[in-house]
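Written out below as structure tokens is the structure these notes cover.
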Amino acid sequence: MEYAESFLVRDVAHTMILKVSDDVDLKDAVLFDVICVALHGIRMSRFKIGDAVVVSGMGPVGLSAVQFLKAGGARKVIALDIDDAKEAIAKEYGADLYINTLKCKDIPETIRKACGTGVGADVSGYAGRRQGEIPGNGHQHN
């Protein structure tokens with residue numbers, strides 16, 4: 001696979017373009033955006049150490065968020081998606097529980113039980129293409 005040597009940006013003042021250092025492999029550099037989006041979502045969510053967190057959507061951004069949340073001290077990380085094939089990688093990245101939202105009969109109750117509070121998650125975030133309601137008692141960042 002080849003990458004472009006250059007591209008035209010008409011409005012540089014309103015972009016966040018960074019030069020990639022020559023010692024960074026371009027295969028790693030493409031992950032910068034994914035990682036930044038995940039971290040920004042976590043920061044905006046007001047996540048605190050010890051929170052129970054629900055992340056909906058186990059694509060690259062959601063998986064990155066799961067990994068950062070677990071490493072950052074989340075008490076419980078619950079991953080939501082519609083594809084059973086994503087369960088193993090979600091757990092590998094740190095999810096304590098994976099819920100297939102197409103198969104689960106009662107998503108809110110399953111989350112409440114998993115959190116052990118009777119209320120739900122402290123923080124929830126959406127990193128997918130379809131948005132559904134996620135029970136919680138804290139903040140939601142979309």
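Ligands are numbered from 1 in the order shown, residues from 1 within each chain, and chains are lettered A, B, ... in the order they appear in the structure tokens.
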
_What's around Val53 in chain A at 9 Å? Count only C-alpha atoms, leave out sequence neighbours fewer than 4 positions away in its own chain, and write the answer as a list in words._
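Non-adjacent residues within range: Phe47, Val66, Leu69, Ala74, Arg75, Lys76, Val77, Ile78, Ala79, Cys115, Gly120, Ala121, Asp122, Val123, Ser124, Gly125 and Gly136 of chain A.
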
*Once DSSP has gone over the backbone, tell me which residues of chain A are in helix (DSSP H, G or I), as a PyMOL selection string.*
chain A and resi 12-14+26-29+31-45+60-71+84-92+107-115

_Could you tell me how far CA of Leu80 in chain A sits from CA of Leu97 in chain A, in Å to one decimal place?_
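According to the coordinates, CA of Leu97 in chain A and CA of Leu80 in chain A are separated by 8.6 Å.
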
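Nearest residue to Met58 in chain A among A:Val20, A:Ala127, A:Ala85, A:Ala29 is A:Ala127, counting only C-alpha atoms.
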